[in-house]
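Read through the structure below, which is laid out as structure tokens, and then see the notes.
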Amino acid sequence: MLISDSHQFVFVHVRKAAGTSLRQILEQVSLPKNNQLWNKLLSRNGFPIDYHQYSFRKHDPLITAEKSMPSNKFKQYFKFAFVRNPWDRLVSEFEYIKTQSSHSRHKKLMVMTFEQYIEYQAKRSAAFQYDALAKKDGTLGMDYIGRFEQLHDSLAEISGQIKLDCTQIPHINKLKKAPYQSYYTDQTAEQVAQLWSKDIETFAYQFD
């Protein structure tokens, strides 16, 4: 997560949805990362702490900003994120982690089939995009949700809202892989449709 006082935004970084590339621009105007041990301890253990001192994780959900920011600022700041087709996103993260030997889940995934990965991922709360973008009351709290599949148009909209040119983002963590549809059988495609039904219905995605 990134928060900017100068440009008044909150960016929720959804995994495998162009966030790493976009961060290269947004970090230049965002609050610096807080690595002080005491603030990390307070942040991780749920103690009330002002967002300027809060130690945000890269993929913290929106609720973290809601809890740490003054309510007037949380309401005022432009809150945005990107989402991605859940079937495609699963494939992208599966293949990406396998290329990263230092990743905490690398060894685990290297011995998994993709079918096993679907079941494993479905048990992780971070796998669901809706949950990352919801407020404490369970409703979506974003002012704008861009689409990975319409990246250029979404970046143009965000640029106008936060008064910062985000259209020239670098290409980072881009993988060459087969079309995501080729990873699925009819059974596993339907399995994802059921397990990720909230993401699919909310963001209007289809398998094809």
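So you can find residues: chains in the structure tokens are A, B, ... in the order shown, residues in each start at 1, and ligands are numbered from 1 in order.
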Legend entry - A:Gln191 environment, 10 Å, only C-alpha atoms, sequence neighbours closer than 6 positions dropped, as JSON, numbers by chain: {"A": [115, 118, 119, 184, 185, 197]}
The selected residues should be written to file as an mmCIF file, in the first residue's frame (atoms: N, CA and C atoms).
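out_0.cif written:
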```
data_model
loop_
_atom_site.group_PDB
_atom_site.id
_atom_site.type_symbol
_atom_site.label_atom_id
_atom_site.label_comp_id
_atom_site.auth_asym_id
_atom_site.auth_seq_id
_atom_site.Cartn_x
_atom_site.Cartn_y
_atom_site.Cartn_z
ATOM 1 N N GLU A 115 -3.244 -27.617 -10.581
ATOM 2 C CA GLU A 115 -4.506 -27.983 -9.939
ATOM 3 C C GLU A 115 -4.374 -27.917 -8.419
ATOM 4 N N ILE A 118 -4.386 -24.228 -7.202
ATOM 5 C CA ILE A 118 -5.713 -23.608 -7.107
ATOM 6 C C ILE A 118 -6.305 -23.851 -5.724
ATOM 7 N N GLU A 119 -6.236 -25.094 -5.263
ATOM 8 C CA GLU A 119 -6.792 -25.437 -3.953
ATOM 9 C C GLU A 119 -6.007 -24.750 -2.826
ATOM 10 N N TYR A 184 -6.117 -24.749 -17.898
ATOM 11 C CA TYR A 184 -7.321 -25.227 -17.251
ATOM 12 C C TYR A 184 -8.000 -26.353 -18.019
ATOM 13 N N THR A 185 -8.601 -27.244 -17.258
ATOM 14 C CA THR A 185 -9.575 -28.179 -17.786
ATOM 15 C C THR A 185 -10.950 -27.574 -17.532
ATOM 16 N N SER A 197 -15.985 -16.653 -7.002
ATOM 17 C CA SER A 197 -17.240 -16.123 -7.551
ATOM 18 C C SER A 197 -17.464 -14.651 -7.191
#
```
With only C-alpha atoms counted and 10 Å as the cut-off, give the residues of stretch 46-137 of chain A in contact with stretch 14-18 of chain A, each with its shortest interatomic distance in Å and the pair that gives it, as a Markdown table.
```
| residue | atom | partner | partner_atom | distance |
| --- | --- | --- | --- | --- |
| A:Lys58 | CA | A:Val14 | CA | 9.1 |
| A:His59 | CA | A:Val14 | CA | 6.3 |
| A:Asp60 | CA | A:Val14 | CA | 8.7 |
| A:Pro61 | CA | A:Val14 | CA | 8.4 |
| A:Ala81 | CA | A:Val14 | CA | 6.9 |
| A:Phe82 | CA | A:Ala17 | CA | 5.9 |
| A:Val83 | CA | A:Ala17 | CA | 5.8 |
| A:Arg84 | CA | A:Ala17 | CA | 5.8 |
| A:Asn85 | CA | A:Ala17 | CA | 9.2 |
| A:Asp88 | CA | A:Lys16 | CA | 9.5 |
| A:Arg89 | CA | A:Lys16 | CA | 6.3 |
| A:Leu90 | CA | A:Lys16 | CA | 8.7 |
| A:Val91 | CA | A:Lys16 | CA | 9.8 |
| A:Ser92 | CA | A:Lys16 | CA | 6.8 |
| A:Glu93 | CA | A:Lys16 | CA | 6.3 |
| A:Tyr96 | CA | A:Lys16 | CA | 8.9 |
| A:Ala126 | CA | A:Arg15 | CA | 8.5 |
| A:Ala127 | CA | A:Arg15 | CA | 8.3 |
| A:Phe128 | CA | A:Val14 | CA | 9.2 |
| A:Gln129 | CA | A:Val14 | CA | 6.8 |
| A:Tyr130 | CA | A:Val14 | CA | 9.8 |
| A:Ala132 | CA | A:Val14 | CA | 7.3 |
| A:Leu133 | CA | A:Val14 | CA | 8.7 |
```
Please dump the current selection as a PDB file, in the first residue's frame; keep N, CA and C atoms.
```pdb
ATOM      1  N   LYS A  58       3.567  -4.162   1.615  1.00  0.00           N
ATOM      2  CA  LYS A  58       3.392  -3.906   0.183  1.00  0.00           C
ATOM      3  C   LYS A  58       1.963  -4.173  -0.273  1.00  0.00           C
ATOM      4  N   HIS A  59       1.371  -5.250   0.240  1.00  0.00           N
ATOM      5  CA  HIS A  59       0.045  -5.649  -0.231  1.00  0.00           C
ATOM      6  C   HIS A  59      -1.028  -5.515   0.848  1.00  0.00           C
ATOM      7  N   ASP A  60      -0.869  -4.568   1.744  1.00  0.00           N
ATOM      8  CA  ASP A  60      -1.884  -4.362   2.768  1.00  0.00           C
ATOM      9  C   ASP A  60      -3.235  -4.047   2.127  1.00  0.00           C
ATOM     10  N   PRO A  61      -4.326  -4.557   2.708  1.00  0.00           N
ATOM     11  CA  PRO A  61      -5.661  -4.252   2.189  1.00  0.00           C
ATOM     12  C   PRO A  61      -6.103  -2.845   2.572  1.00  0.00           C
ATOM     13  N   ALA A  81      -7.067   1.118  -7.172  1.00  0.00           N
ATOM     14  CA  ALA A  81      -6.362  -0.155  -7.287  1.00  0.00           C
ATOM     15  C   ALA A  81      -6.604  -0.712  -8.681  1.00  0.00           C
ATOM     16  N   PHE A  82      -5.900  -1.792  -8.991  1.00  0.00           N
ATOM     17  CA  PHE A  82      -6.127  -2.532 -10.229  1.00  0.00           C
ATOM     18  C   PHE A  82      -6.558  -3.946  -9.889  1.00  0.00           C
ATOM     19  N   VAL A  83      -7.451  -4.498 -10.712  1.00  0.00           N
ATOM     20  CA  VAL A  83      -7.832  -5.895 -10.587  1.00  0.00           C
ATOM     21  C   VAL A  83      -7.520  -6.614 -11.892  1.00  0.00           C
ATOM     22  N   ARG A  84      -7.586  -7.946 -11.827  1.00  0.00           N
ATOM     23  CA  ARG A  84      -7.228  -8.762 -12.993  1.00  0.00           C
ATOM     24  C   ARG A  84      -8.137  -9.986 -13.043  1.00  0.00           C
ATOM     25  N   ASN A  85      -8.373 -10.470 -14.224  1.00  0.00           N
ATOM     26  CA  ASN A  85      -9.158 -11.686 -14.417  1.00  0.00           C
ATOM     27  C   ASN A  85      -8.625 -12.785 -13.488  1.00  0.00           C
ATOM     28  N   ASP A  88      -6.671 -15.694 -15.070  1.00  0.00           N
ATOM     29  CA  ASP A  88      -5.369 -15.237 -15.560  1.00  0.00           C
ATOM     30  C   ASP A  88      -4.419 -14.917 -14.406  1.00  0.00           C
ATOM     31  N   ARG A  89      -4.950 -14.300 -13.377  1.00  0.00           N
ATOM     32  CA  ARG A  89      -4.132 -13.901 -12.228  1.00  0.00           C
ATOM     33  C   ARG A  89      -3.536 -15.114 -11.521  1.00  0.00           C
ATOM     34  N   LEU A  90      -4.294 -16.172 -11.390  1.00  0.00           N
ATOM     35  CA  LEU A  90      -3.789 -17.389 -10.763  1.00  0.00           C
ATOM     36  C   LEU A  90      -2.602 -17.963 -11.541  1.00  0.00           C
ATOM     37  N   VAL A  91      -2.736 -17.998 -12.848  1.00  0.00           N
ATOM     38  CA  VAL A  91      -1.649 -18.508 -13.684  1.00  0.00           C
ATOM     39  C   VAL A  91      -0.416 -17.625 -13.565  1.00  0.00           C
ATOM     40  N   SER A  92      -0.618 -16.313 -13.614  1.00  0.00           N
ATOM     41  CA  SER A  92       0.492 -15.379 -13.563  1.00  0.00           C
ATOM     42  C   SER A  92       1.276 -15.510 -12.258  1.00  0.00           C
ATOM     43  N   GLU A  93       0.579 -15.583 -11.142  1.00  0.00           N
ATOM     44  CA  GLU A  93       1.281 -15.684  -9.859  1.00  0.00           C
ATOM     45  C   GLU A  93       1.963 -17.045  -9.715  1.00  0.00           C
ATOM     46  N   TYR A  96       5.066 -16.863 -11.860  1.00  0.00           N
ATOM     47  CA  TYR A  96       6.020 -15.882 -11.342  1.00  0.00           C
ATOM     48  C   TYR A  96       6.774 -16.413 -10.134  1.00  0.00           C
ATOM     49  N   ALA A 126      -5.387 -13.525   0.964  1.00  0.00           N
ATOM     50  CA  ALA A 126      -4.767 -12.574   0.028  1.00  0.00           C
ATOM     51  C   ALA A 126      -5.063 -12.912  -1.432  1.00  0.00           C
ATOM     52  N   ALA A 127      -5.651 -14.066  -1.672  1.00  0.00           N
ATOM     53  CA  ALA A 127      -5.919 -14.486  -3.047  1.00  0.00           C
ATOM     54  C   ALA A 127      -7.147 -13.808  -3.634  1.00  0.00           C
ATOM     55  N   PHE A 128      -7.929 -13.150  -2.787  1.00  0.00           N
ATOM     56  CA  PHE A 128      -9.210 -12.605  -3.242  1.00  0.00           C
ATOM     57  C   PHE A 128      -9.150 -11.081  -3.331  1.00  0.00           C
ATOM     58  N   GLN A 129      -9.384 -10.571  -4.522  1.00  0.00           N
ATOM     59  CA  GLN A 129      -9.225  -9.141  -4.779  1.00  0.00           C
ATOM     60  C   GLN A 129     -10.285  -8.306  -4.068  1.00  0.00           C
ATOM     61  N   TYR A 130     -11.502  -8.798  -4.004  1.00  0.00           N
ATOM     62  CA  TYR A 130     -12.572  -8.043  -3.333  1.00  0.00           C
ATOM     63  C   TYR A 130     -12.179  -7.746  -1.897  1.00  0.00           C
ATOM     64  N   ALA A 132      -9.339  -7.366  -0.535  1.00  0.00           N
ATOM     65  CA  ALA A 132      -8.284  -6.360  -0.421  1.00  0.00           C
ATOM     66  C   ALA A 132      -8.828  -4.948  -0.579  1.00  0.00           C
ATOM     67  N   LEU A 133      -9.968  -4.814  -1.235  1.00  0.00           N
ATOM     68  CA  LEU A 133     -10.506  -3.493  -1.576  1.00  0.00           C
ATOM     69  C   LEU A 133     -11.733  -3.108  -0.766  1.00  0.00           C
TER      70      LEU A 133
END
```
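If you measure from each of A:Ala122, A:Ala65, A:Gly138, A:Gln168 to A:His152 using only C-alpha atoms, the closest one turns out to be A:Gln168.
Remark: for A:Leu22, the closest of the candidate residues A:Glu66, A:Asp143, A:Asp5, A:Asp165 is A:Asp165 (distances computed over only C-alpha atoms).
Atom CA of A:Ala178 is positioned 20.2 Å from atom CA of A:His106.
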Legend entry - strand (DSSP E or B) residues, from DSSP on the backbone, in stretch 79-176 of chain A, as a ChimeraX atom specification: /A:79-83,134,140,144-147
Legend entry - Residue set, stretch 3-205 of chain A restricted to helix (DSSP H, G or I), as a ChimeraX atom specification: /A:19-29,37-44,62-68,71-76,86-98,106-110,114-122,125-127,129-132,148-162,180-183,186-195,197-202
Inset, instruction - Could you give me, as an MDAnalysis selection string, the residues within 12 Å of A:Tyr120, counting only C-alpha atoms and dropping anything in the same chain fewer than 3 positions from it? - result: chainID A and resid 90 94 105 108:109 112:117 123:127 192 195
Inset, instruction - Kindly indicate which residue among A:Ser55, A:Asp50, A:Lys198, A:Lys136 lies nearest to A:Ser68, using only C-alpha atoms for the distances. - result: A:Asp50
Inset, instruction - Find the residues near A:Gln206: any atom within 9 Å, counting only C-alpha atoms, skip ones fewer than 3 places away on the same chain, and give them as number ranges by chain. - result: A: 85-87, 193, 200-201
Legend entry - Contacts of stretch 24-28 of chain A within 12 Å, only C-alpha atoms, excl. fewer than 3 positions in-chain, as a PyMOL selection string: chain A and resi 1-13+18-21+31-33+58+80+155+158-159+162-172
Inset, instruction - Can you work out which one of A:Arg147, A:Gly141, A:Gln36, A:Arg23 has the shortest atom-to-atom distance to A:Phe74, counting only C-alpha atoms? - result: A:Gly141
Inset, instruction - Find the distance between atom CA of A:Asp208 and atom CA of A:Lys177 and write it in Å to one decimal. - result: 16.5 Å
